[in-house]
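What's in entry30.txt: compact mmCIF, C-alpha atoms
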# COMPACT_ATOMS: atom_id res chain seq x y z
CA MET A 1 127.93 70.60 76.33
CA ALA A 2 127.22 71.10 79.99
CA SER A 3 123.76 69.61 79.68
CA LEU A 4 125.09 66.50 77.94
CA CYS A 5 127.95 65.71 80.25
CA LYS A 6 127.22 64.05 83.57
CA VAL A 7 129.55 63.51 86.45
CA MET A 8 130.09 60.18 88.16
CA ARG A 9 131.25 60.05 91.72
CA ASN A 10 134.26 57.86 92.37
CA VAL A 11 132.29 55.56 94.66
CA SER A 12 131.03 52.56 92.70
CA SER A 13 128.53 51.47 95.34
CA ARG A 14 126.57 54.67 94.82
CA SER A 15 126.54 54.37 91.04
CA SER A 16 123.11 52.75 91.23
CA LEU A 17 121.73 56.12 92.28
CA LEU A 18 123.40 58.10 89.52
CA GLN A 19 124.20 56.14 86.39
CA LYS A 20 126.10 58.68 84.40
CA HIS A 21 129.14 58.97 82.13
CA CYS A 22 132.18 60.70 83.48
CA VAL A 23 133.78 63.84 82.16
CA CYS A 24 137.53 63.51 82.19
CA ILE A 25 138.53 66.98 83.35
CA THR A 26 135.96 67.39 86.09
CA HIS A 27 136.43 63.80 87.18
CA ARG A 28 140.15 64.33 87.71
CA SER A 29 139.55 67.48 89.71
CA LEU A 30 136.93 65.71 91.80
CA TYR A 31 139.33 62.86 92.46
CA SER A 32 141.86 65.27 93.86
CA SER A 33 139.18 67.03 95.90
CA ASP A 34 137.92 63.80 97.44
CA ALA A 35 141.42 62.64 98.16
CA SER A 36 142.22 65.83 100.02
CA GLY A 37 139.00 65.67 101.98
CA GLY A 38 139.21 62.11 103.12
CA ASP A 39 142.67 61.81 104.58
CA ASP A 40 141.90 59.85 107.69
CA LYS A 41 139.61 57.23 106.17
CA SER A 42 141.42 54.44 104.36
CA PRO A 43 138.72 52.58 102.31
CA GLU A 44 137.52 54.25 99.10
CA ARG A 45 133.83 53.71 99.95
CA ALA A 46 134.00 55.62 103.24
CA LYS A 47 136.06 58.37 101.58
CA GLY A 48 133.15 59.06 99.25
CA GLY A 49 130.72 59.30 102.15
CA PHE A 50 133.07 61.48 104.14
CA ALA A 51 133.70 63.81 101.21
CA ALA A 52 129.98 64.08 100.64
CA ALA A 53 129.51 64.88 104.30
CA TYR A 54 132.16 67.57 104.06
CA GLU A 55 130.25 69.31 101.33
CA LEU A 56 127.07 69.13 103.34
CA HIS A 57 128.32 71.63 105.84
CA SER A 58 128.28 75.17 104.53
CA ASP A 59 131.27 76.38 106.59
CA LEU A 60 133.55 73.95 104.93
CA GLN A 61 132.84 75.44 101.53
CA GLN A 62 135.77 77.77 102.08
CA ARG A 63 138.15 74.91 101.35
CA GLY A 64 139.86 74.44 98.03
CA ASP A 65 137.96 71.25 97.15
CA GLN A 66 134.79 73.33 96.71
CA SER A 67 136.37 75.51 94.04
CA ALA A 68 136.20 72.52 91.70
CA ALA A 69 132.49 72.15 92.38
CA ARG A 70 131.98 75.86 91.80
CA ARG A 71 133.79 75.73 88.49
CA MET A 72 131.61 72.80 87.53
CA SER A 73 128.35 74.46 88.46
CA SER A 74 129.22 77.73 86.74
CA ARG A 75 129.71 75.72 83.58
CA ASP A 76 126.18 74.31 84.06
CA GLU A 77 124.83 77.86 84.23
CA THR A 78 123.32 77.26 87.72
CA SER A 79 119.96 75.89 86.66
CA PHE A 80 118.04 74.39 89.52
CA ALA A 81 118.11 70.89 88.08
CA SER A 82 121.88 70.89 87.74
CA LEU A 83 122.40 72.49 91.17
CA LEU A 84 120.22 69.80 92.68
CA ARG A 85 121.87 66.94 90.85
CA HIS A 86 125.32 67.98 91.97
CA SER A 87 124.30 68.78 95.52
CA ALA A 88 125.67 66.79 98.43
CA LEU A 89 122.18 65.76 99.49
CA MET A 90 121.64 63.88 96.24
CA GLN A 91 125.10 62.38 96.25
CA MET A 92 124.56 61.12 99.77
CA GLY A 93 121.58 58.88 99.03
CA PRO A 94 119.53 57.40 101.86
CA ALA A 95 120.27 59.03 105.17
CA LYS A 96 120.51 55.79 107.12
CA GLU A 97 123.96 55.14 108.64
CA LYS A 98 125.64 58.07 106.87
CA VAL A 99 128.36 59.96 108.72
CA VAL A 100 128.13 63.74 108.52
CA ILE A 101 129.68 66.73 110.24
CA GLY A 102 127.42 69.06 112.13
CA LYS A 103 127.76 72.26 114.11
CA ILE A 104 126.17 72.93 117.47
CA PHE A 105 124.09 76.10 117.28
CA HIS A 106 122.14 75.98 120.54
CA ILE A 107 122.51 74.33 123.91
CA VAL A 108 119.87 73.83 126.59
CA ASN A 109 121.47 72.24 129.68
CA ASP A 110 122.35 68.78 128.41
CA ASP A 111 120.63 68.97 125.01
CA LEU A 112 122.77 69.88 122.01
CA TYR A 113 120.97 71.26 118.93
CA ILE A 114 123.13 70.35 115.95
CA ASP A 115 122.75 71.58 112.37
CA PHE A 116 124.29 69.36 109.71
CA GLY A 117 123.05 70.98 106.53
CA GLY A 118 119.67 69.31 106.15
CA LYS A 119 116.23 70.80 106.48
CA PHE A 120 116.05 70.14 110.20
CA HIS A 121 118.51 70.06 113.06
CA CYS A 122 118.99 67.13 115.37
CA VAL A 123 119.01 67.10 119.14
CA CYS A 124 121.51 64.92 120.98
CA LYS A 125 122.30 64.43 124.63
CA ARG A 126 125.63 65.70 125.83
CA PRO A 127 127.93 62.66 126.11
CA PRO A 128 129.48 61.82 129.49
CA THR A 129 133.06 61.91 128.11
CA ASP A 130 134.49 65.37 127.29
CA GLY A 131 131.14 66.92 128.16
CA GLN A 132 132.40 70.48 128.59
CA LYS A 133 134.08 70.56 125.18
CA TYR A 134 130.65 70.64 123.48
CA GLN A 135 129.93 74.35 123.22
CA ARG A 136 128.10 76.55 120.74
CA GLY A 137 130.01 76.43 117.47
CA SER A 138 131.77 73.11 118.05
CA ARG A 139 131.90 70.73 115.14
CA VAL A 140 130.80 67.21 115.80
CA ARG A 141 130.53 63.97 113.90
CA LEU A 142 127.07 62.43 113.57
CA ARG A 143 125.64 59.21 112.28
CA LEU A 144 122.36 60.08 110.56
CA GLU A 145 119.33 57.89 110.96
CA ASP A 146 116.55 59.98 109.45
CA MET A 147 116.35 63.43 107.88
CA GLU A 148 112.90 64.12 109.35
CA LEU A 149 111.07 62.18 112.05
CA THR A 150 107.57 61.62 110.73
CA SER A 151 104.97 58.97 111.30
CA ARG A 152 101.41 58.31 110.23
CA PHE A 153 99.18 57.62 113.20
CA LEU A 154 95.92 55.73 113.15
CA GLY A 155 93.01 57.79 111.90
CA ALA A 156 95.18 60.63 110.58
CA THR A 157 95.07 61.90 107.01
CA ILE A 158 98.65 63.19 106.95
CA ASP A 159 101.84 62.32 108.78
CA THR A 160 102.70 63.91 112.06
CA THR A 161 106.16 65.48 111.96
CA LEU A 162 108.45 66.24 114.86
CA LEU A 163 110.34 68.95 112.92
CA GLU A 164 113.61 67.28 113.87
CA ALA A 165 116.15 64.92 112.34
CA ASP A 166 117.45 61.82 114.05
CA ALA A 167 121.18 61.27 114.49
CA THR A 168 123.62 59.70 116.94
CA LEU A 169 126.50 61.74 118.22
CA MET A 170 129.82 60.08 117.47
CA GLY A 171 132.30 62.58 118.76
CA LEU A 172 133.99 65.92 118.44
CA ILE A 173 136.06 66.92 115.47
CA GLU A 174 139.55 67.65 116.78
CA SER A 175 139.80 70.64 114.49
CA LYS A 176 142.64 72.57 116.08
CA ASP A 177 145.30 69.83 116.01
CA THR A 178 144.86 67.83 112.82
CA LYS A 179 143.31 70.31 110.35
CA THR A 180 144.33 73.88 109.70
CA LYS A 181 141.60 76.48 109.49
CA GLU A 182 141.63 78.48 106.30
CA MET B 183 92.68 117.34 105.31
CA CYS B 184 93.51 115.01 108.19
CA SER B 185 89.89 114.45 109.19
CA GLY B 186 88.98 113.86 105.55
CA ASN B 187 91.42 110.97 105.38
CA MET B 188 90.16 109.44 108.63
CA ALA B 189 86.53 109.74 107.54
CA ALA B 190 87.35 107.92 104.37
CA GLY B 191 88.87 105.14 106.44
CA VAL B 192 85.74 104.65 108.53
CA LEU B 193 83.20 104.86 105.69
CA SER B 194 84.33 102.00 103.50
CA GLY B 195 83.98 98.75 105.39
CA VAL B 196 85.42 96.67 102.60
CA ARG B 197 89.04 97.53 102.06
CA GLN B 198 90.41 98.11 98.63
CA VAL B 199 93.93 97.21 97.77
CA LEU B 200 96.46 99.97 98.45
CA ARG B 201 93.95 102.26 100.00
CA GLY B 202 94.67 105.09 102.41
CA PRO B 203 98.28 105.91 101.62
CA ARG B 204 100.13 107.83 104.23
CA LEU B 205 100.63 110.84 101.97
CA LEU B 206 97.51 112.96 102.11
CA SER B 207 97.80 114.43 98.65
CA ALA B 208 97.61 110.97 97.14
CA VAL B 209 94.04 110.46 98.43
CA PHE B 210 92.69 111.70 95.11
CA SER B 211 94.24 109.11 92.91
CA CYS B 212 93.41 106.14 95.18
CA HIS B 213 89.85 106.85 96.26
CA GLY B 214 87.47 106.78 93.35
CA GLN B 215 84.34 107.34 95.35
CA THR B 216 85.29 109.60 98.22
CA PHE B 217 86.73 112.94 97.31
CA SER B 218 87.60 115.12 100.22
CA SER B 219 86.00 117.66 98.01
CA ALA B 220 86.34 120.60 100.34
CA ALA B 221 90.10 120.36 100.03
CA ALA B 222 90.06 119.42 96.35
CA ALA B 223 89.51 122.95 95.20
CA VAL B 224 92.49 124.12 97.23
CA LYS B 225 95.06 121.79 95.58
CA SER B 226 96.55 123.17 92.40
CA ALA B 227 96.34 121.11 89.20
CA PRO B 228 100.08 120.71 88.34
CA ASP B 229 100.80 119.46 91.89
CA THR B 230 98.20 116.74 91.54
CA ALA B 231 99.57 115.77 88.15
CA VAL B 232 103.08 115.36 89.53
CA THR B 233 101.80 113.34 92.47
CA GLU B 234 99.82 111.10 90.15
CA LYS B 235 102.91 110.61 88.05
CA ILE B 236 104.92 109.63 91.12
CA LEU B 237 102.28 107.08 92.02
CA ASN B 238 101.42 105.73 88.59
CA PHE B 239 104.74 105.65 86.79
CA PRO B 240 106.24 102.75 88.85
CA LEU B 241 103.19 100.66 88.01
CA THR B 242 104.04 100.80 84.31
CA GLN B 243 107.48 99.24 84.78
CA PRO B 244 107.90 95.47 85.24
CA ASP B 245 110.77 95.74 87.75
CA TYR B 246 110.89 99.37 88.86
CA PHE B 247 112.86 98.64 92.02
CA HIS B 248 115.37 96.25 90.38
CA LEU B 249 114.49 93.46 92.76
CA SER B 250 115.85 90.75 90.49
CA GLU B 251 119.35 91.67 91.64
CA LEU B 252 118.49 90.91 95.28
CA PHE B 253 118.70 87.15 94.97
CA THR B 254 119.87 84.41 92.60
CA MET B 255 118.90 80.79 92.21
CA LYS B 256 122.15 79.80 93.87
CA ASP B 257 121.33 81.92 96.94
CA LEU B 258 117.99 80.18 97.27
CA PHE B 259 119.63 76.82 96.86
CA GLU B 260 122.30 77.47 99.45
CA ALA B 261 119.69 78.67 101.90
CA ARG B 262 118.03 75.23 101.55
CA VAL B 263 114.79 76.74 100.26
CA HIS B 264 114.16 73.72 98.03
CA LEU B 265 113.86 71.21 100.91
CA GLY B 266 110.34 70.14 101.72
CA HIS B 267 108.79 67.80 104.22
CA LYS B 268 108.36 64.08 103.82
CA LYS B 269 106.00 62.68 101.22
CA GLY B 270 103.43 61.73 103.85
CA CYS B 271 103.13 65.37 105.00
CA ARG B 272 102.49 66.72 101.54
CA HIS B 273 99.48 68.91 100.88
CA ARG B 274 97.70 67.99 97.68
CA LEU B 275 97.53 71.58 96.44
CA MET B 276 101.32 71.96 96.69
CA GLU B 277 101.94 69.31 94.08
CA PRO B 278 102.24 71.77 91.15
CA TYR B 279 105.05 73.57 92.99
CA LEU B 280 107.12 70.45 93.70
CA PHE B 281 110.03 69.42 91.51
CA GLY B 282 109.77 65.87 92.72
CA SER B 283 110.44 63.69 95.68
CA ARG B 284 113.79 62.15 96.56
CA LEU B 285 113.83 59.19 98.93
CA ASP B 286 110.47 60.31 100.36
CA THR B 287 111.55 63.95 100.82
CA ASP B 288 109.73 66.50 98.66
CA ILE B 289 111.89 68.90 96.67
CA ILE B 290 110.36 72.27 95.84
CA ASP B 291 110.90 73.58 92.31
CA LEU B 292 113.13 76.61 92.69
CA GLU B 293 112.49 77.80 89.13
CA GLN B 294 108.87 78.45 90.11
CA THR B 295 109.87 79.74 93.53
CA ALA B 296 112.24 82.30 92.03
CA GLU B 297 109.50 83.65 89.77
CA LEU B 298 106.88 83.76 92.50
CA LEU B 299 109.30 85.30 94.98
CA GLN B 300 110.12 87.99 92.44
CA GLN B 301 106.41 88.77 92.04
CA ALA B 302 105.83 88.80 95.79
CA LEU B 303 108.79 91.12 96.42
CA ASN B 304 107.66 93.41 93.61
CA PHE B 305 104.18 93.64 95.10
CA THR B 306 105.60 94.32 98.56
CA ALA B 307 107.81 97.05 97.14
CA HIS B 308 104.90 98.76 95.43
CA VAL B 309 102.82 98.61 98.60
CA ALA B 310 105.66 100.10 100.62
CA TYR B 311 106.27 102.74 97.94
CA ARG B 312 102.68 103.90 98.22
CA GLY B 313 102.90 104.08 102.00
CA GLY B 314 100.98 100.95 102.87
CA ILE B 315 101.12 99.24 106.24
CA ILE B 316 102.78 95.82 106.15
CA LEU B 317 102.30 93.19 108.82
CA PHE B 318 104.65 90.24 109.28
CA VAL B 319 102.95 87.19 110.75
CA SER B 320 104.38 83.88 111.87
CA ARG B 321 103.57 81.49 114.65
CA ARG B 322 106.95 79.73 114.64
CA ARG B 323 108.40 80.42 118.04
CA GLN B 324 111.88 79.62 116.77
CA PHE B 325 111.85 82.67 114.45
CA GLY B 326 109.62 85.06 116.39
CA HIS B 327 112.44 87.29 117.54
CA LEU B 328 114.04 87.37 114.10
CA ILE B 329 110.78 88.48 112.49
CA GLU B 330 110.12 91.13 115.11
CA THR B 331 113.59 92.63 114.65
CA THR B 332 113.16 92.54 110.87
CA ALA B 333 109.89 94.45 111.18
CA ARG B 334 111.48 97.02 113.42
CA GLU B 335 114.40 97.51 111.04
CA CYS B 336 112.20 98.28 108.08
CA GLY B 337 109.67 100.37 110.00
CA GLU B 338 106.78 97.96 109.63
CA TYR B 339 104.78 95.78 111.98
CA ALA B 340 104.91 92.18 113.19
CA HIS B 341 102.51 89.84 114.96
CA THR B 342 104.23 86.66 116.12
CA ARG B 343 102.09 85.86 119.15
CA TYR B 344 98.73 84.23 119.68
CA TRP B 345 96.23 85.53 117.14
CA LYS B 346 93.02 86.60 118.85
CA GLY B 347 89.82 85.77 117.00
CA GLY B 348 88.56 89.10 115.80
CA LEU B 349 91.84 90.88 115.23
CA LEU B 350 91.01 91.87 111.66
CA THR B 351 87.32 91.06 111.41
CA ASN B 352 86.31 92.74 114.67
CA ALA B 353 88.93 95.47 114.73
CA PRO B 354 86.64 98.50 115.20
CA ILE B 355 85.33 96.97 118.43
CA GLN B 356 88.51 95.33 119.71
CA TYR B 357 90.60 98.42 119.07
CA SER B 358 88.96 101.73 118.24
CA PRO B 359 86.45 102.72 115.56
CA GLY B 360 88.95 104.52 113.32
CA VAL B 361 91.70 101.92 113.30
CA ARG B 362 93.55 101.34 110.05
CA LEU B 363 94.12 97.72 109.05
CA PRO B 364 97.27 96.51 107.31
CA ASP B 365 97.47 96.85 103.54
CA LEU B 366 99.58 93.73 103.15
CA ILE B 367 100.15 90.74 105.40
CA ILE B 368 103.28 88.63 104.90
CA PHE B 369 103.17 85.15 106.38
CA PHE B 370 106.60 83.69 107.04
CA SER B 371 104.91 80.44 107.96
CA THR B 372 101.29 79.76 107.12
CA LEU B 373 100.76 77.10 109.79
CA ASN B 374 100.19 77.59 113.48
CA ASN B 375 101.64 75.47 116.23
CA VAL B 376 99.16 72.62 115.74
CA PHE B 377 99.78 72.36 111.98
CA GLN B 378 96.51 74.01 111.01
CA GLN B 379 96.27 76.92 108.66
CA HIS B 380 96.84 80.25 110.38
CA VAL B 381 93.56 82.07 111.10
CA GLY B 382 95.04 85.25 109.67
CA ILE B 383 94.98 83.89 106.13
CA ARG B 384 91.23 83.37 106.16
CA ASP B 385 90.62 86.66 107.96
CA ALA B 386 92.77 88.65 105.55
CA ALA B 387 90.86 87.14 102.65
CA LYS B 388 87.60 88.13 104.35
CA MET B 389 88.82 91.72 104.80
CA ASN B 390 90.19 91.95 101.24
CA ILE B 391 93.74 92.35 102.46
CA PRO B 392 96.28 90.84 100.04
CA THR B 393 98.64 88.27 101.48
CA VAL B 394 102.12 87.06 100.66
CA GLY B 395 102.98 83.69 102.19
CA ILE B 396 105.92 81.30 102.33
CA VAL B 397 104.23 77.95 101.76
CA ASP B 398 106.06 74.75 102.62
CA SER B 399 105.10 71.40 101.15
CA ASN B 400 102.59 70.76 103.94
CA CYS B 401 100.74 74.09 103.62
CA ASN B 402 97.62 75.10 101.72
CA PRO B 403 98.40 77.82 99.18
CA SER B 404 94.82 78.49 98.03
CA LEU B 405 93.76 81.63 99.90
CA ILE B 406 97.12 83.37 99.62
CA ALA B 407 97.42 86.04 96.94
CA TYR B 408 101.16 85.65 96.35
CA PRO B 409 102.28 82.22 97.54
CA VAL B 410 106.01 81.58 97.56
CA PRO B 411 106.72 77.86 97.78
CA GLY B 412 109.77 77.35 99.96
CA ASN B 413 111.24 75.95 103.12
CA ASP B 414 109.98 77.61 106.29
CA ASP B 415 111.69 75.40 108.86
CA THR B 416 115.40 76.09 108.47
CA PRO B 417 116.95 79.17 110.13
CA VAL B 418 119.12 79.91 107.06
CA ALA B 419 116.05 80.07 104.83
CA MET B 420 114.09 82.26 107.24
CA GLU B 421 117.00 84.65 107.62
CA MET B 422 117.19 84.93 103.87
CA TYR B 423 113.48 85.72 103.51
CA CYS B 424 113.66 88.30 106.30
CA ARG B 425 116.66 89.92 104.68
CA LEU B 426 114.99 90.01 101.26
CA PHE B 427 111.74 91.53 102.50
CA LYS B 428 113.59 94.05 104.63
CA MET B 429 115.77 95.14 101.71
CA THR B 430 112.74 95.39 99.42
CA ILE B 431 110.75 97.53 101.80
CA ASN B 432 113.66 99.81 102.60
CA ARG B 433 114.48 100.19 98.94
CA ALA B 434 110.89 101.11 98.09
CA LYS B 435 110.61 103.62 100.92
CA ASP B 436 113.92 105.25 100.01
CA LYS B 437 112.77 105.53 96.43
CA ARG B 438 109.57 107.21 97.54
CA ARG B 439 111.44 109.68 99.68
CA GLN B 440 113.72 110.41 96.76
CA MET B 441 110.76 111.04 94.44
CA GLU B 442 109.15 113.32 96.98
CA LEU B 443 112.34 115.32 97.29
CA LEU B 444 112.55 115.65 93.53
CA LYS B 445 108.96 116.77 93.42
CA GLY B 446 109.68 119.30 96.13
CA ILE B 447 112.68 120.61 94.18
CA SER B 448 110.78 120.79 90.89
CA ALA B 449 107.79 122.48 92.56
CA SER B 450 109.94 125.13 94.17
CA VAL B 451 111.76 125.83 90.88
Write-out of the structure in structure tokens:
Amino acid sequence: MASLCKVMRNVSSRSSLLQKHCVCITHRSLYSSDASGGDDKSPERAKGGFAAAYELHSDLQQRGDQSAARRMSSRDETSFASLLRHSALMQMGPAKEKVVIGKIFHIVNDDLYIDFGGKFHCVCKRPPTDGQKYQRGSRVRLRLEDMELTSRFLGATIDTTLLEADATLMGLIESKDTKTKE
Amino acid sequence: MCSGNMAAGVLSGVRQVLRGPRLLSAVFSCHGQTFSSAAAAVKSAPDTAVTEKILNFPLTQPDYFHLSELFTMKDLFEARVHLGHKKGCRHRLMEPYLFGSRLDTDIIDLEQTAELLQQALNFTAHVAYRGGIILFVSRRRQFGHLIETTARECGEYAHTRYWKGGLLTNAPIQYSPGVRLPDLIIFFSTLNNVFQQHVGIRDAAKMNIPTVGIVDSNCNPSLIAYPVPGNDDTPVAMEMYCRLFKMTINRAKDKRRQMELLKGISASV
């Protein structure tokens, strides 16, 4: 049954990427999970993107909304194809203009190295406002541009890669006041 | 006995797989052509039989060290092992190992990776069980320290700096005439800092040293004996590989020590 049933995300704009039928039970649980994850974004479209971004970060998997995903994947018997299909990376779609949460894992003077759950990290300049609040381990909001900066130069057979992602820093997550840690 | 082992090391220029184990009594089973015959007469027959059993019995089992319980598909997935480079960076010979490409990013097939990783870990365990020298190699500066600490924790060796030309091929001159080369080289990243294939892969193939290598979607898997297609750029993935290899090697060495103790107990009885 698991192989036949497919899950549709509640965001209609992304249905072009995954045209699937919805399973009632899992759909209801996902609805509740997305609703709990996207409290501070009013439109339904952004809630989907925000919820997807939540799942991208591995630390946030402690939250209750991930238990629904775990139940779902255990039903699919954790084959690679099903793990991939239900992963946040697939649900996200193109990386352009997507908002994700990242964590700073290294700092060199004014450069912040931020990991947001993709293959590469991104490097952003420390912003002038609230500069000292950006320390190792802080969670920040990013607007992704590209998952990997590559380009084919003239005369080259393969692309040259910078081994970095491209994102714009939007701001800190005020984690202590609004959200409770688990 | 000691000199016999060393002489054997110097004589054969071409290395065989799993040659020269650290335990002296095992020389007989590994070396077909060179018998330290002076000492052969001294060793008693039942002792040799038990030693041969210790060495040969693990080779008859498919998963003697139970390495399949070390990792699951989900662990690989959560460590982002399936993420490859962009389509434009793809190496043609990696295409059989790719699941597909999503919005220009290559996705590595974890079903194949799990199998190949199992084989690579099994081979590493058998080499460590028989007392082989294992060398970890990577030119990624981001993970150099991690790999060196991993090597130290499992009692093996690491080379994460600039690779001088004749390290393996010219070893008797660059080091000393009786130097022993590694029995297995594990590449945590097969590319060097200018995205060319690491010289060590070609040199190990020249010296008949088997290699295990983590190959990303922009690497060439041809000369590597046990390629493991996977992500080699993310810290989570590298930490997972280091942890897996360390656990494998420690497990194999502990098993060997256990077998030796049992042999010692049964011999004294």
For Arg274 of chain B, which of B:Thr306, B:Thr331, B:Ser404, B:Asn374 is the closest residue, counting only C-alpha atoms?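 Checking each candidate against Arg274 of chain B, we get B:Ser404 as the closest.
Atom CA of Cys401 of chain B is positioned 28.5 Å from atom CA of Gly102 of chain A.
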What does the structure give for the distance between atom CA of Leu83 of chain A and atom CA of Phe259 of chain B, in Å to one decimal?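 About the pair atom CA of Leu83 of chain A and atom CA of Phe259 of chain B: they are 7.7 Å apart.
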Write out as a Markdown table the residues of chain B that have any atom within 8 Å of an atom of chain A, one row each with the nearest atom pair and its distance in Å to one decimal, counting only C-alpha atoms, sorted by chain and then rising number.
| residue | atom | partner | partner_atom | distance |
| --- | --- | --- | --- | --- |
| B:Met255 | CA | A:Phe80 | CA | 7.0 |
| B:Lys256 | CA | A:Thr78 | CA | 6.8 |
| B:Phe259 | CA | A:Leu83 | CA | 7.7 |
| B:Arg262 | CA | A:Lys119 | CA | 6.9 |
| B:Leu265 | CA | A:Lys119 | CA | 6.1 |
| B:Gly266 | CA | A:Lys119 | CA | 7.6 |
| B:His267 | CA | A:Glu148 | CA | 7.5 |
| B:Lys268 | CA | A:Glu148 | CA | 7.2 |
| B:Gly270 | CA | A:Asp159 | CA | 5.2 |
| B:Cys271 | CA | A:Asp159 | CA | 5.0 |
| B:Arg272 | CA | A:Ile158 | CA | 7.5 |
| B:Leu285 | CA | A:Pro94 | CA | 6.7 |
| B:Asp291 | CA | A:Phe80 | CA | 7.7 |
| B:Leu292 | CA | A:Phe80 | CA | 6.3 |
| B:Glu293 | CA | A:Phe80 | CA | 6.5 |
| B:Asn413 | CA | A:Lys119 | CA | 7.9 |
| B:Asp415 | CA | A:Lys119 | CA | 6.9 |
| B:Thr416 | CA | A:Lys119 | CA | 5.7 |
Just need the box for segment 134-139 of chain A, edges along x, y and z, holding every atom the file lists for it with 4 Å tacked onto each side, so centre and edge lengths in Å to one decimal, as JSON.
{"center_x": 130.0, "center_y": 73.6, "center_z": 119.3, "size_x": 11.8, "size_y": 13.9, "size_z": 16.3}
Near Leu373 of chain B, within 12 Å and counting all atoms listed in the file, which residues show up once chain neighbours fewer than 3 positions away are dropped, as a list in words? Val319, Ser320, Arg321, Arg322, Arg323, Thr342, Phe369, Phe370, Val376, Phe377, Gln378, Gln379, His380, Val381, Gly382, Ile383, Arg384, Gly395, Ile396, Val397, Asp398, Ser399, Asn400, Cys401, Asn402, Pro403, Asp414 and Asp415 of chain B
Please measure the separation of atom CA of Gly347 of chain B and atom CA of His327 of chain B, giving the value in Å to one decimal.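 Going from atom CA of Gly347 of chain B over to atom CA of His327 of chain B covers 22.7 Å.
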Written coordinates, C-alpha atoms of segment 236-272 of chain B as a CSV table (one decimal), in the first residue's frame:
chain,number,residue,atom,x,y,z
B,236,ILE,CA,42.3,-18.0,12.5
B,237,LEU,CA,43.3,-16.4,9.3
B,238,ASN,CA,41.3,-18.4,6.8
B,239,PHE,CA,38.0,-18.9,8.7
B,240,PRO,CA,36.8,-15.3,8.5
B,241,LEU,CA,37.3,-15.4,4.7
B,242,THR,CA,34.7,-18.0,4.4
B,243,GLN,CA,32.0,-15.9,6.0
B,244,PRO,CA,30.2,-13.2,4.0
B,245,ASP,CA,29.9,-10.7,6.9
B,246,TYR,CA,32.2,-12.1,9.6
B,247,PHE,CA,32.4,-8.8,11.5
B,248,HIS,CA,28.7,-7.9,11.3
B,249,LEU,CA,29.3,-4.7,9.6
B,250,SER,CA,25.8,-4.4,8.2
B,251,GLU,CA,24.6,-3.3,11.6
B,252,LEU,CA,27.0,-0.2,11.5
B,253,PHE,CA,24.9,1.9,9.2
B,254,THR,CA,21.4,2.0,7.6
B,255,MET,CA,20.1,3.7,4.5
B,256,LYS,CA,18.5,6.3,6.7
B,257,ASP,CA,21.8,7.2,8.3
B,258,LEU,CA,23.4,7.7,4.9
B,259,PHE,CA,20.5,9.8,3.8
B,260,GLU,CA,20.5,12.0,6.9
B,261,ALA,CA,24.3,12.5,6.4
B,262,ARG,CA,23.5,13.9,3.0
B,263,VAL,CA,25.6,11.2,1.2
B,264,HIS,CA,23.3,11.2,-1.8
B,265,LEU,CA,24.0,14.8,-2.8
B,266,GLY,CA,26.2,15.3,-5.7
B,267,HIS,CA,27.6,18.2,-7.6
B,268,LYS,CA,25.9,20.1,-10.4
B,269,LYS,CA,25.2,18.4,-13.7
B,270,GLY,CA,28.0,20.3,-15.5
B,271,CYS,CA,30.6,18.9,-13.0
B,272,ARG,CA,29.6,15.3,-13.6
